[in-house]
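Participant: Sharing my_file06.cif here; it has mmCIF, C-alpha atoms.
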data_protein
#
loop_
_atom_site.label_atom_id
_atom_site.label_comp_id
_atom_site.auth_asym_id
_atom_site.auth_seq_id
_atom_site.Cartn_x
_atom_site.Cartn_y
_atom_site.Cartn_z
CA MET W 1035 6.52 19.30 22.49
CA SER W 1036 6.01 22.76 23.98
CA LYS W 1037 3.27 25.21 23.10
CA GLN W 1038 5.82 27.42 21.27
CA GLN W 1039 6.85 24.53 19.05
CA ILE W 1040 3.25 23.82 18.29
CA ILE W 1041 2.82 27.39 17.09
CA HIS W 1042 5.60 26.93 14.54
CA THR W 1043 4.04 23.79 13.10
CA GLY W 1044 0.84 25.40 11.88
CA ASN W 1045 0.16 27.73 8.96
CA VAL W 1046 0.24 31.26 10.28
CA ASN W 1047 -2.47 33.49 8.86
CA SER W 1048 -3.31 37.11 9.65
CA ILE W 1049 -5.52 36.30 12.67
CA SER W 1050 -2.76 34.13 14.05
CA VAL W 1051 -0.23 36.95 13.57
CA ILE W 1052 -2.39 39.23 15.72
CA PHE W 1053 -2.57 36.51 18.36
CA ILE W 1054 1.22 36.09 18.22
CA LEU W 1055 1.81 39.82 18.57
CA ILE W 1056 -0.50 40.03 21.58
CA ALA W 1057 1.10 36.96 23.10
CA VAL W 1058 4.64 38.31 22.50
CA LEU W 1059 3.72 41.73 23.88
CA LEU W 1060 2.24 40.14 26.96
CA GLY W 1061 5.25 37.84 27.20
CA GLY W 1062 7.62 40.84 27.05
CA CYS W 1063 6.23 42.58 30.13
CA VAL W 1064 8.64 42.62 33.06
CA SER W 1065 6.04 41.85 35.66
CA ILE W 1066 3.21 39.61 34.59
CA ASP W 1067 0.49 38.97 37.05
CA ASN W 1068 -1.50 35.76 37.03
CA GLN W 1069 -4.34 37.29 35.08
CA GLU W 1070 -2.06 38.33 32.22
CA GLU W 1071 -0.33 34.98 32.25
CA ASN W 1072 -3.67 33.22 31.97
CA LEU W 1073 -4.68 35.52 29.13
CA ARG W 1074 -1.46 34.82 27.26
CA ASP W 1075 -1.89 31.06 27.75
CA SER W 1076 -5.44 31.20 26.53
CA LEU W 1077 -4.42 33.24 23.46
CA ILE W 1078 -1.66 30.82 22.59
CA ALA W 1079 -4.02 27.89 23.10
CA LYS W 1080 -6.64 29.61 20.93
CA MET W 1081 -4.12 30.17 18.19
CA ALA W 1082 -2.92 26.59 18.28
CA GLU W 1083 -6.53 25.43 18.16
CA HIS W 1084 -7.24 27.70 15.20
CA ASN W 1085 -4.28 26.30 13.29
CA VAL W 1086 -5.14 22.68 14.08
CA ASP W 1087 -8.64 23.13 12.68
CA LYS W 1088 -7.36 24.96 9.64
CA VAL W 1089 -4.72 22.36 8.82
CA LEU W 1090 -6.88 19.32 9.54
CA ASN W 1091 -9.78 20.65 7.52
CA GLN W 1092 -7.59 20.72 4.41
CA ALA W 1093 -7.67 16.92 4.26
CA LYS W 1094 -9.10 15.67 1.01
CA LEU W 1095 -9.83 12.23 2.44
CA VAL W 1096 -10.90 11.11 5.89
CA PHE W 1097 -10.67 7.59 7.26
CA TYR W 1098 -12.16 6.27 10.49
CA SER W 1099 -10.44 3.26 11.97
CA LEU W 1100 -12.27 1.16 14.54
CA PRO W 1101 -10.44 -1.14 16.98
CA SER W 1102 -9.75 -4.57 15.51
CA PRO W 1103 -11.09 -7.61 17.43
CA ILE W 1104 -7.49 -8.60 18.23
CA GLU W 1105 -6.85 -5.14 19.70
CA THR W 1106 -9.88 -5.44 22.01
CA ALA W 1107 -9.05 -9.04 22.96
CA LYS W 1108 -5.51 -7.97 23.87
CA LEU W 1109 -6.96 -5.35 26.22
CA LEU W 1110 -9.17 -7.98 27.88
CA GLU W 1111 -6.21 -10.33 28.25
CA ARG W 1112 -4.06 -7.56 29.76
CA SER W 1113 -6.78 -6.76 32.29
CA GLY W 1114 -6.00 -10.10 33.93
CA ALA W 1115 -9.63 -11.26 33.72
CA SER W 1116 -10.03 -15.04 33.61
CA TYR W 1117 -11.43 -16.74 30.53
CA ASP W 1118 -15.18 -17.22 30.51
CA GLY W 1119 -16.43 -19.53 27.78
CA THR W 1120 -20.09 -19.06 28.73
CA ILE W 1121 -20.37 -15.48 27.44
CA ILE W 1122 -19.35 -16.00 23.80
CA ASN W 1123 -21.98 -16.57 21.11
CA PRO W 1124 -22.36 -20.38 20.71
CA VAL W 1125 -21.57 -21.71 17.24
CA GLN W 1126 -24.83 -23.68 17.45
CA ASN W 1127 -26.58 -20.36 16.67
CA LEU W 1128 -25.12 -20.34 13.13
CA PRO W 1129 -28.18 -21.77 11.29
CA LYS W 1130 -30.30 -18.90 12.65
CA TYR W 1131 -28.48 -16.33 10.52
CA MET W 1132 -30.38 -16.25 7.25
CA THR W 1133 -30.25 -12.58 6.22
CA SER W 1134 -27.15 -10.73 5.05
CA LYS W 1135 -27.66 -8.30 7.96
CA SER W 1136 -27.58 -11.00 10.65
CA GLN W 1137 -24.76 -12.81 8.83
CA ALA W 1138 -22.60 -9.66 8.72
CA LEU W 1139 -23.29 -8.71 12.35
CA ASN W 1140 -22.51 -12.24 13.53
CA MET W 1141 -19.44 -12.49 11.32
CA GLY W 1142 -18.17 -9.56 13.41
CA ILE W 1143 -19.37 -11.16 16.66
CA TYR W 1144 -17.74 -14.52 15.91
CA SER W 1145 -14.54 -12.72 14.84
CA ALA W 1146 -14.40 -10.96 18.21
CA ASP W 1147 -15.10 -14.26 20.02
CA LEU W 1148 -12.45 -15.98 17.91
CA SER W 1149 -9.88 -13.36 18.90
CA TYR W 1150 -10.89 -13.74 22.56
CA VAL W 1151 -10.66 -17.55 22.63
CA SER W 1152 -7.37 -17.61 20.71
CA LEU W 1153 -5.68 -15.13 23.05
CA TYR W 1154 -6.76 -17.29 25.98
CA ASN W 1155 -5.26 -20.38 24.30
CA ARG W 1156 -8.39 -22.43 23.61
CA PRO W 1157 -7.25 -24.43 20.53
CA GLN W 1158 -10.38 -26.52 19.92
CA THR W 1159 -12.72 -23.54 20.36
CA THR W 1160 -10.46 -21.46 18.08
CA ILE W 1161 -10.92 -23.99 15.25
CA GLU W 1162 -14.70 -24.15 15.86
CA TYR W 1163 -15.03 -20.36 15.71
CA MET W 1164 -12.83 -20.05 12.61
CA ASN W 1165 -15.13 -22.63 10.96
CA ALA W 1166 -18.13 -20.53 12.00
CA CYS W 1167 -16.52 -17.47 10.39
CA LYS W 1168 -15.78 -19.52 7.27
CA GLN W 1169 -19.44 -20.56 6.94
CA LEU W 1170 -20.68 -17.00 7.40
CA SER W 1171 -18.11 -15.60 4.97
CA GLU W 1172 -19.31 -18.10 2.34
CA LYS W 1173 -22.93 -17.08 2.95
CA LEU W 1174 -21.91 -13.44 2.56
CA GLY W 1175 -20.16 -14.22 -0.74
CA ILE W 1176 -16.69 -13.36 0.54
CA VAL W 1177 -14.59 -15.31 -1.90
CA ASN W 1178 -11.42 -17.16 -0.99
CA VAL W 1179 -10.50 -15.40 2.25
CA ILE W 1180 -11.33 -18.10 4.80
CA ASN W 1181 -10.84 -21.31 2.84
CA ASP W 1182 -9.76 -24.89 3.66
CA THR W 1183 -6.10 -23.87 3.31
CA ILE W 1184 -6.54 -21.29 6.08
CA ILE W 1185 -8.37 -23.79 8.31
CA ASN W 1186 -5.58 -26.36 7.76
CA GLU W 1187 -2.91 -23.74 8.44
CA LEU W 1188 -4.72 -22.90 11.68
CA LYS W 1189 -4.87 -26.59 12.68
CA GLU W 1190 -1.19 -27.17 11.87
CA ASN W 1191 -0.09 -24.20 13.97
CA ILE W 1192 -2.67 -24.47 16.70
CA ASN W 1193 -0.08 -24.29 19.47
CA LYS W 1194 1.83 -21.40 17.91
CA ARG W 1195 -0.01 -18.43 19.34
CA ASP W 1196 1.70 -15.74 17.23
CA ILE W 1197 0.86 -17.49 13.96
CA ILE W 1198 -2.75 -18.08 15.07
CA ILE W 1199 -3.23 -14.41 15.93
CA ASP W 1200 -1.70 -13.39 12.58
CA ILE W 1201 -4.13 -15.66 10.72
CA ILE W 1202 -7.11 -14.36 12.70
CA SER W 1203 -6.30 -10.68 12.29
CA ASN W 1204 -5.58 -11.15 8.57
CA THR W 1205 -8.81 -13.02 7.85
CA TYR W 1206 -10.91 -10.40 9.68
CA ILE W 1207 -9.25 -7.49 7.85
CA GLU W 1208 -9.35 -9.24 4.45
CA SER W 1209 -13.01 -10.27 4.82
CA ASN W 1210 -13.96 -6.70 5.65
CA THR W 1211 -11.86 -5.30 2.78
CA ASN W 1212 -13.38 -7.85 0.38
CA LEU W 1213 -16.89 -6.62 1.22
CA GLU W 1214 -15.90 -2.98 0.74
CA GLU W 1215 -14.11 -3.63 -2.53
CA ASN W 1216 -17.13 -5.48 -3.86
CA ASN W 1217 -19.36 -2.46 -3.34
CA ARG W 1218 -20.95 -3.71 -0.14
CA PRO W 1219 -19.73 -1.07 2.32
CA GLU W 1220 -22.90 -1.24 4.43
CA ILE W 1221 -22.39 -4.98 4.98
CA ALA W 1222 -18.73 -4.31 5.84
CA THR W 1223 -19.93 -1.68 8.34
CA LEU W 1224 -22.34 -4.15 9.96
CA MET W 1225 -19.45 -6.58 10.42
CA VAL W 1226 -17.43 -3.84 12.16
CA VAL W 1227 -20.43 -2.99 14.36
CA GLY W 1228 -20.84 -6.65 15.35
CA ALA W 1229 -17.18 -6.93 16.35
CA TRP W 1230 -17.25 -3.63 18.28
CA VAL W 1231 -20.45 -4.52 20.17
CA GLU W 1232 -19.12 -8.01 21.02
CA GLY W 1233 -15.88 -6.52 22.37
CA LEU W 1234 -17.86 -4.20 24.64
CA TYR W 1235 -20.24 -7.04 25.58
CA LEU W 1236 -17.32 -9.24 26.64
CA ALA W 1237 -15.77 -6.37 28.63
CA THR W 1238 -19.02 -5.46 30.45
CA ASN W 1239 -19.84 -9.09 31.27
CA LEU W 1240 -16.32 -9.76 32.53
CA ALA W 1241 -16.48 -6.54 34.59
CA GLN W 1242 -19.82 -7.61 36.06
CA LYS W 1243 -18.15 -10.82 37.24
CA ASN W 1244 -14.94 -9.04 38.37
CA PRO W 1245 -16.30 -5.89 40.05
CA ASN W 1246 -12.90 -4.90 41.43
CA SER W 1247 -11.13 -4.80 38.07
CA GLN W 1248 -10.41 -1.15 37.31
CA ASP W 1249 -8.73 -2.21 34.02
CA LEU W 1250 -12.00 -3.67 32.74
CA VAL W 1251 -13.90 -0.53 33.77
CA ASP W 1252 -11.30 1.57 31.93
CA ILE W 1253 -11.74 -0.52 28.76
CA ILE W 1254 -15.50 0.13 28.93
CA VAL W 1255 -15.08 3.89 29.52
CA ASP W 1256 -12.47 4.16 26.73
CA GLN W 1257 -14.95 2.81 24.19
CA LYS W 1258 -16.60 6.24 24.35
CA LEU W 1259 -13.80 7.46 22.07
CA SER W 1260 -14.19 4.84 19.34
CA LEU W 1261 -18.00 5.00 19.64
CA GLN W 1262 -17.77 8.47 18.05
CA ASP W 1263 -16.13 6.96 14.96
CA LEU W 1264 -18.58 4.06 14.84
CA ILE W 1265 -21.49 6.52 14.78
CA THR W 1266 -19.83 8.54 11.99
CA LEU W 1267 -19.40 5.35 9.97
CA LEU W 1268 -23.05 4.34 10.50
CA GLU W 1269 -24.28 7.82 9.56
CA LEU W 1270 -22.94 7.25 6.04
CA PHE W 1271 -25.54 4.52 5.52
CA GLU W 1272 -28.20 5.67 7.97
CA GLU W 1273 -30.89 5.60 5.27
CA LYS W 1274 -30.22 1.99 4.28
CA PRO W 1275 -32.92 -0.24 5.83
CA GLU W 1276 -30.44 -2.84 7.15
CA ILE W 1277 -28.38 -0.12 8.87
CA ASN W 1278 -31.11 2.19 10.16
CA GLU W 1279 -32.22 0.08 13.13
CA VAL W 1280 -28.63 -0.69 14.14
CA TYR W 1281 -27.81 3.02 13.91
CA LYS W 1282 -30.65 3.86 16.31
CA GLN W 1283 -29.51 1.17 18.77
CA ILE W 1284 -25.95 2.47 18.77
CA LYS W 1285 -27.18 6.07 19.11
CA ASP W 1286 -29.13 5.00 22.24
CA LEU W 1287 -25.90 3.62 23.64
CA GLN W 1288 -24.14 6.90 22.84
CA ILE W 1289 -26.74 8.81 24.87
CA ILE W 1290 -25.67 6.83 27.95
CA TYR W 1291 -21.98 7.27 27.13
CA ASN W 1292 -22.45 11.04 26.76
CA GLU W 1293 -23.05 11.21 30.50
CA ILE W 1294 -19.56 9.86 31.19
CA GLN W 1295 -17.01 12.64 31.47
CA ILE W 1296 -13.46 12.17 30.23
CA SER W 1297 -11.28 15.22 30.78
CA ILE W 1298 -7.72 15.45 29.54
CA THR W 1299 -5.26 17.96 30.90
CA LYS W 1300 -2.39 17.89 28.41
CA ILE W 1301 -1.15 15.41 25.81
CA GLU W 1302 2.54 15.28 25.00
CA ALA W 1303 4.72 13.11 22.80
CA GLU W 1304 8.12 12.20 24.19
CA THR W 1305 10.57 10.35 21.97
CA ASP W 1306 13.29 8.07 23.28
CA GLU W 1307 15.82 8.45 20.47
CA GLU W 1308 17.90 5.48 21.58
CA ALA W 1309 15.00 3.03 21.73
CA ASN W 1310 13.37 4.78 18.75
CA ILE W 1311 9.95 4.86 20.35
CA THR W 1312 7.60 7.72 21.17
CA THR W 1313 5.43 7.69 24.28
CA ILE W 1314 2.17 9.59 24.10
CA LYS W 1315 1.73 10.95 27.60
CA SER W 1316 -1.49 12.30 29.03
CA ASN W 1317 -3.39 12.49 32.23
CA PRO W 1318 -7.07 11.82 31.58
CA ILE W 1319 -9.61 11.86 34.37
CA SER W 1320 -12.75 9.84 33.79
CA ARG W 1321 -15.66 9.17 36.08
CA ILE W 1322 -18.23 6.43 35.71
CA THR W 1323 -20.86 5.82 38.36
CA GLN W 1324 -22.25 2.40 39.24
CA GLU W 1325 -25.56 3.54 37.75
CA GLN W 1326 -23.92 4.51 34.44
CA PHE W 1327 -22.08 1.18 34.35
CA ASN W 1328 -25.36 -0.66 34.89
CA GLU W 1329 -27.03 1.31 32.12
CA ILE W 1330 -24.23 0.49 29.67
CA TYR W 1331 -24.27 -3.15 30.75
CA GLU W 1332 -28.02 -3.43 30.18
CA LYS W 1333 -28.01 -1.57 26.86
CA VAL W 1334 -25.09 -3.56 25.43
CA ASN W 1335 -26.70 -6.83 26.53
CA GLN W 1336 -29.96 -5.77 24.91
CA ILE W 1337 -28.28 -4.81 21.60
CA ARG W 1338 -26.17 -7.93 21.54
CA SER W 1339 -29.17 -10.19 22.30
CA ASP W 1340 -30.93 -8.62 19.35
CA PHE W 1341 -27.92 -9.24 17.09
CA VAL W 1342 -27.43 -12.93 18.01
CA LYS W 1343 -31.10 -14.00 18.18
CA MET R 1329 -8.50 -4.88 -38.79
CA CYS R 1330 -7.33 -1.32 -38.44
CA ARG R 1331 -10.65 -0.41 -36.81
CA ILE R 1332 -10.24 -3.24 -34.25
CA LEU R 1333 -6.74 -2.04 -33.40
CA ILE R 1334 -7.96 1.54 -32.95
CA ASN R 1335 -10.79 0.32 -30.70
CA LEU R 1336 -8.34 -1.78 -28.68
CA LEU R 1337 -6.00 1.18 -28.31
CA PHE R 1338 -8.93 3.35 -27.21
CA ILE R 1339 -9.98 0.79 -24.54
CA LEU R 1340 -6.38 0.56 -23.30
CA ILE R 1341 -6.16 4.35 -22.99
CA ILE R 1342 -9.46 4.44 -21.07
CA LEU R 1343 -8.43 1.59 -18.75
CA TYR R 1344 -4.84 2.72 -18.15
CA PRO R 1345 -5.54 4.99 -15.15
CA PHE R 1346 -7.60 2.24 -13.46
CA ARG R 1347 -4.89 -0.34 -14.05
CA SER R 1348 -2.20 1.98 -12.76
CA LYS R 1349 -4.28 2.94 -9.68
CA SER R 1350 -5.01 -0.70 -8.87
CA GLN R 1351 -1.40 -1.74 -9.47
CA CYS R 1352 -0.17 1.14 -7.34
CA LYS R 1353 -2.53 0.13 -4.52
CA THR R 1354 -1.28 -3.47 -4.58
CA THR R 1355 2.39 -2.41 -4.60
CA ILE R 1356 1.91 0.12 -1.78
CA THR R 1357 -0.07 -2.38 0.33
CA GLU R 1358 2.71 -4.97 -0.04
CA LYS R 1359 5.32 -2.39 0.97
CA THR R 1360 3.44 -1.36 4.12
CA VAL R 1361 2.96 -4.99 5.17
CA THR R 1362 6.69 -5.70 4.70
CA LEU R 1363 7.65 -2.64 6.76
CA LEU R 1364 5.20 -3.59 9.51
CA ASP R 1365 7.42 -6.65 10.17
CA LYS R 1366 5.01 -9.46 10.96
CA THR R 1367 7.52 -11.16 13.24
CA LYS R 1368 7.01 -8.29 15.70
CA TYR R 1369 3.61 -6.76 14.91
CA ASN R 1370 0.05 -7.94 14.23
CA LYS R 1371 -1.99 -5.93 11.78
CA ALA R 1372 -4.41 -3.66 13.65
CA THR R 1373 -6.02 -2.31 10.49
CA ARG R 1374 -5.96 -2.92 6.79
CA THR R 1375 -3.75 -0.73 4.61
CA ASN R 1376 -5.82 2.34 3.83
CA THR R 1377 -4.82 3.58 0.40
CA ALA R 1378 -5.52 6.76 -1.50
CA PHE R 1379 -4.54 8.24 -4.84
CA ILE R 1380 -3.57 11.82 -4.18
CA SER R 1381 -1.75 14.76 -5.78
CA GLU R 1382 0.93 17.09 -4.57
CA GLY R 1383 -0.47 19.64 -2.14
CA GLU R 1384 -3.26 17.30 -1.02
CA SER R 1385 -3.67 15.66 2.36
CA LEU R 1386 -5.63 13.01 4.24
CA LYS R 1387 -6.40 12.18 7.84
CA ILE R 1388 -7.31 9.12 9.90
CA PHE R 1389 -9.18 9.10 13.19
CA LYS R 1390 -8.24 6.23 15.46
CA THR R 1391 -8.38 5.44 19.16
CA PHE R 1392 -5.14 4.03 20.56
CA TYR R 1393 -5.30 2.05 23.78
CA ARG R 1394 -3.42 2.32 27.04
CA GLY R 1395 -0.50 -0.05 27.40
CA LEU R 1396 -0.41 -1.15 23.75
CA HIS R 1397 2.59 -0.53 21.51
CA TYR R 1398 1.78 0.50 17.97
CA ARG R 1399 3.63 0.83 14.69
CA LEU R 1400 2.45 3.23 12.02
CA VAL R 1401 3.72 2.60 8.50
CA ILE R 1402 3.24 5.12 5.70
CA CYS R 1403 4.43 4.48 2.14
CA ALA R 1404 4.09 6.83 -0.77
CA ASP R 1405 4.85 6.33 -4.46
CA GLU R 1406 8.35 7.36 -5.44
CA GLN R 1407 7.13 10.00 -7.87
CA LEU R 1408 5.52 11.90 -4.99
CA PRO R 1409 7.85 14.38 -3.27
CA GLY R 1410 7.42 12.71 0.14
CA VAL R 1411 4.79 12.74 2.87
CA ASP R 1412 4.75 14.92 5.97
CA LEU R 1413 3.19 13.39 9.05
CA LYS R 1414 1.54 15.22 11.94
CA ILE R 1415 -0.27 13.72 14.91
CA ALA R 1416 -3.00 15.78 16.52
CA THR R 1417 -5.75 15.70 19.07
CA ASN R 1418 -8.87 17.79 18.45
CA GLU R 1419 -7.08 20.72 20.06
CA GLU R 1420 -3.40 20.60 19.17
CA PHE R 1421 -0.59 18.98 17.26
CA ILE R 1422 1.45 16.74 19.51
CA TYR R 1423 4.00 15.27 17.11
CA GLU R 1424 5.39 15.79 13.65
CA THR R 1425 8.11 14.17 11.60
CA ARG R 1426 11.36 16.03 11.67
CA LYS R 1427 12.69 14.79 8.34
CA LYS R 1428 10.70 16.23 5.46
CA GLY R 1429 10.39 14.79 2.00
CA LYS R 1430 10.49 11.12 2.97
CA ASN R 1431 8.34 8.61 1.12
CA ILE R 1432 8.43 6.04 3.90
CA HIS R 1433 7.66 6.56 7.57
CA VAL R 1434 7.83 3.89 10.24
CA TRP R 1435 6.81 5.33 13.58
CA ASP R 1436 6.73 3.23 16.77
CA PHE R 1437 4.77 4.59 19.69
CA GLN R 1438 3.12 3.53 22.92
CA MET R 1439 0.19 4.94 24.81
CA GLU R 1440 0.38 5.92 28.44
CA HIS R 1441 -3.42 6.33 28.40
CA THR R 1442 -6.10 5.70 25.82
CA GLN R 1443 -6.48 8.57 23.35
CA ARG R 1444 -8.28 9.28 20.11
CA LEU R 1445 -5.72 10.76 17.76
CA ILE R 1446 -5.81 12.23 14.30
CA ILE R 1447 -3.08 11.12 11.91
CA PHE R 1448 -2.62 13.84 9.30
CA MET R 1449 -0.56 13.22 6.18
CA SER R 1450 0.19 15.76 3.48
CA VAL R 1451 2.13 15.65 0.25
CA PRO R 1452 4.12 18.87 -0.19
CA LYS R 1453 3.81 20.99 -3.33
CA THR R 1454 6.81 21.37 -5.61
CA ASN R 1455 7.51 23.88 -8.34
CA LYS R 1456 7.55 21.16 -10.97
CA THR R 1457 4.52 19.71 -12.77
CA PRO R 1458 2.35 18.27 -9.97
CA GLU R 1459 2.62 14.51 -9.62
CA LYS R 1460 -0.11 12.11 -8.57
CA GLY R 1461 0.53 8.92 -6.70
CA CYS R 1462 -0.57 6.32 -4.25
CA ILE R 1463 -0.17 6.50 -0.50
CA GLY R 1464 -0.77 3.66 1.97
CA ILE R 1465 -1.16 3.71 5.76
CA LEU R 1466 -1.10 0.68 8.03
CA PHE R 1467 -1.19 0.27 11.83
CA GLY R 1468 0.16 -2.68 13.76
CA ILE R 1469 0.15 -3.77 17.41
CA LYS R 1470 3.30 -5.18 18.98
CA LYS R 1471 3.01 -8.90 19.67
CA HIS R 1472 4.60 -9.05 23.13
#
Translate the structure of the given file into structure tokens.
Facilitator:
Amino acid sequence: MSKQQIIHTGNVNSISVIFILIAVLLGGCVSIDNQEENLRDSLIAKMAEHNVDKVLNQAKLVFYSLPSPIETAKLLERSGASYDGTIINPVQNLPKYMTSKSQALNMGIYSADLSYVSLYNRPQTTIEYMNACKQLSEKLGIVNVINDTIINELKENINKRDIIIDIISNTYIESNTNLEENNRPEIATLMVVGAWVEGLYLATNLAQKNPNSQDLVDIIVDQKLSLQDLITLLELFEEKPEINEVYKQIKDLQIIYNEIQISITKIEAETDEEANITTIKSNPISRITQEQFNEIYEKVNQIRSDFVK
Amino acid sequence: MCRILINLLFILIILYPFRSKSQCKTTITEKTVTLLDKTKYNKATRTNTAFISEGESLKIFKTFYRGLHYRLVICADEQLPGVDLKIATNEEFIYETRKKGKNIHVWDFQMEHTQRLIIFMSVPKTNKTPEKGCIGILFGIKKH
């Protein structure tokens, strides 16, 4: 979509009209030197920016959507990294989780591990981790989401990968929804935090063992974008005692991430009418130094150790 | 007896909006799941639902990852005069639906690089008495 088309999409107010007039006047000149061209571009960009803010700020409701464990596991699988069963949280740790905070965090952690093991076709481990999630969901009072029927369905279809992934993504989403609908949004948030941290923990540990995998490094860098939304979510419950410490830990991680630069030149949507699919094209440039990677690796390991202890 | 009936009627009147909101949410959630087509897509999120009026809007922030194919499903109650969809970054709009006034949108897209996008949905205003209704949004990831 061109800049001109973008202009037509927004609500045009008086300030925007002035910008348009200036832009049109500049555009009408027979000879435009580079300086004028740059000025016109910057005015058009400013106007588009103004309209985006204006339109988006009208929203009555705002939702923040964090990556699902299946989404993160798919990224790990696509990176080509080999399966490593030593990095997931052992199910033997289950009896340690006595408080609702540790149960919610580890429900998220086990859900991320479950997604990881299932995508790498580990049937026995998949059943073990689903059982771990079942036990934690019962402790958290999540009623009738992961029950014996689900476990049996999982066992019956254990070699049908698509069905397994459907069951896993449904149970994670339904458990989280159940907590929110039963007025326990802070517990639901802790579950999301656990899953997000475990996804990053798996990525950093796999990257440490596969130092030449650019895909794994990209997954780690890209988490800077969803980290923003995770922080916003945590800020809603910052004052709650069970959230406060977790919030501080994630904020510390954000300080490290803030040093990583991601610059994007231009984002465009191109639709293939025949295939009925749109491709979102962009050309981001990100830089992460070895030192920054090490800092993230250490911080994530520290947070995760605290969650699973 | 008459008093009991009046009380019952009063309770029903009080509870009606809650019942209709909850029923609307269930119906809309079911519709979005059907349109996601579970033979091709895994759920990436739950169905986010909202009860909104004409002229109102909502937005979702979500990061979409490089190489993954997504499906966005939006369903709105039939009494609403449609939903307009715009996709934006923090700086600009990059996509918007061409057909206005539709109550269902199924949009398939893929990411060349990872991006955090803002999905903005608005219900247009009509000249009639403003209607209220439920809207549901669901994201899926392509299986293969």
Participant: With distances taken over only C-alpha atoms, which of R:Gln1351, R:Thr1375, R:Ser1385, R:Ser1450 is nearest to chain W?
Facilitator: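 The shortest atom-to-atom distance to chain W comes from R:Ser1385.
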Participant: Using the chain letters and numbers from the file, which residues does the PyMOL selection byres ((chain W) within 8 of (chain R)) grab, as JSON, numbers by chain?
Facilitator: {"W": [1035, 1040, 1043, 1082, 1083, 1086, 1087, 1090, 1092, 1093, 1094, 1095, 1096, 1097, 1098, 1099, 1100, 1101, 1102, 1104, 1105, 1109, 1196, 1199, 1200, 1203, 1204, 1207, 1208, 1211, 1256, 1259, 1260, 1263, 1301, 1302, 1303, 1310, 1311, 1312, 1313, 1314, 1315, 1316, 1317, 1318]}
Participant: Which residue, R:Thr1425, R:Leu1408, R:Asn1431, R:Ile1465, has the smallest gap to Lys1453 (chain R) when you use all atoms listed in the file?
Facilitator: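 Looking at the shortest contact to Lys1453 (chain R), the residue is R:Leu1408.
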Participant: Enter the distance from CA of Thr1454 (chain R) to CA of Ile1402 (chain R), in Å, rounded to one decimal.
Facilitator: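 Separation of CA of Thr1454 (chain R) and CA of Ile1402 (chain R): 20.1 Å.
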Participant: In Å, with one decimal, what is the gap from CA of Ala1241 (chain W) to CA of Tyr1163 (chain W)?
Facilitator: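 About the pair CA of Ala1241 (chain W) and CA of Tyr1163 (chain W): they are 23.4 Å apart.
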Participant: Which residues would end up in the selection if the PyMOL selection byres ((chain W and resi 1234) around 9) were applied here, given that I need the answer as a CSV table (one decimal) with C-alpha atoms, in the frame of the given file?
Facilitator:
chain,number,residue,atom,x,y,z
W,1106,THR,CA,-9.9,-5.4,22.0
W,1229,ALA,CA,-17.2,-6.9,16.4
W,1230,TRP,CA,-17.2,-3.6,18.3
W,1231,VAL,CA,-20.4,-4.5,20.2
W,1232,GLU,CA,-19.1,-8.0,21.0
W,1233,GLY,CA,-15.9,-6.5,22.4
W,1235,TYR,CA,-20.2,-7.0,25.6
W,1236,LEU,CA,-17.3,-9.2,26.6
W,1237,ALA,CA,-15.8,-6.4,28.6
W,1238,THR,CA,-19.0,-5.5,30.4
W,1239,ASN,CA,-19.8,-9.1,31.3
W,1253,ILE,CA,-11.7,-0.5,28.8
W,1254,ILE,CA,-15.5,0.1,28.9
W,1257,GLN,CA,-15.0,2.8,24.2
W,1331,TYR,CA,-24.3,-3.2,30.8
W,1334,VAL,CA,-25.1,-3.6,25.4
Participant: Applied to the shown file, which residues does the PyMOL selection byres ((chain W and resi 1152) around 12) return, written as a PyMOL selection string?
Facilitator: chain W and resi 1103-1104+1107-1108+1111+1117+1119+1144-1151+1153-1164+1188+1191-1203
Participant: Work out how far CA of Tyr1291 (chain W) is from CA of Ile1277 (chain W), in Å to one decimal.
Facilitator: 20.7 Å
Participant: Enumerate, in order of chain and increasing residue number, the residues of region 1233-1327 of chain W with an atom no farther than 12 Å from region 1134-1139 of chain W, each with its shortest atom pair and distance in Å to one decimal, counting only C-alpha atoms, as CSV.
Facilitator:
residue,atom,partner,partner_atom,distance
W:Lys1274,CA,W:Lys1135,CA,11.2
W:Pro1275,CA,W:Lys1135,CA,9.9
W:Glu1276,CA,W:Lys1135,CA,6.2
W:Ile1277,CA,W:Lys1135,CA,8.3
W:Asn1278,CA,W:Lys1135,CA,11.3
W:Glu1279,CA,W:Lys1135,CA,10.9
W:Val1280,CA,W:Leu1139,CA,9.8
Participant: Could the residues in this selection be written to a file with C-alpha atoms, as a short mmCIF file (atom, residue, chain, number, x, y, z; two decimals), keeping the file's coordinate frame?
Facilitator:
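New file selection02.cif:
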data_model
loop_
_atom_site.label_atom_id
_atom_site.label_comp_id
_atom_site.auth_asym_id
_atom_site.auth_seq_id
_atom_site.Cartn_x
_atom_site.Cartn_y
_atom_site.Cartn_z
CA LYS W 1274 -30.22 1.99 4.28
CA PRO W 1275 -32.92 -0.24 5.83
CA GLU W 1276 -30.44 -2.84 7.15
CA ILE W 1277 -28.38 -0.12 8.87
CA ASN W 1278 -31.11 2.19 10.16
CA GLU W 1279 -32.22 0.08 13.13
CA VAL W 1280 -28.63 -0.69 14.14
#
Participant: Could you give me, as number ranges by chain, the residues that sit within 10 Å of (-24.7, -16.4, 15.2) in the file's coordinates, counting all atoms listed in the file?
Facilitator: W: 1123-1132, 1136-1144, 1166-1167, 1170, 1341-1343
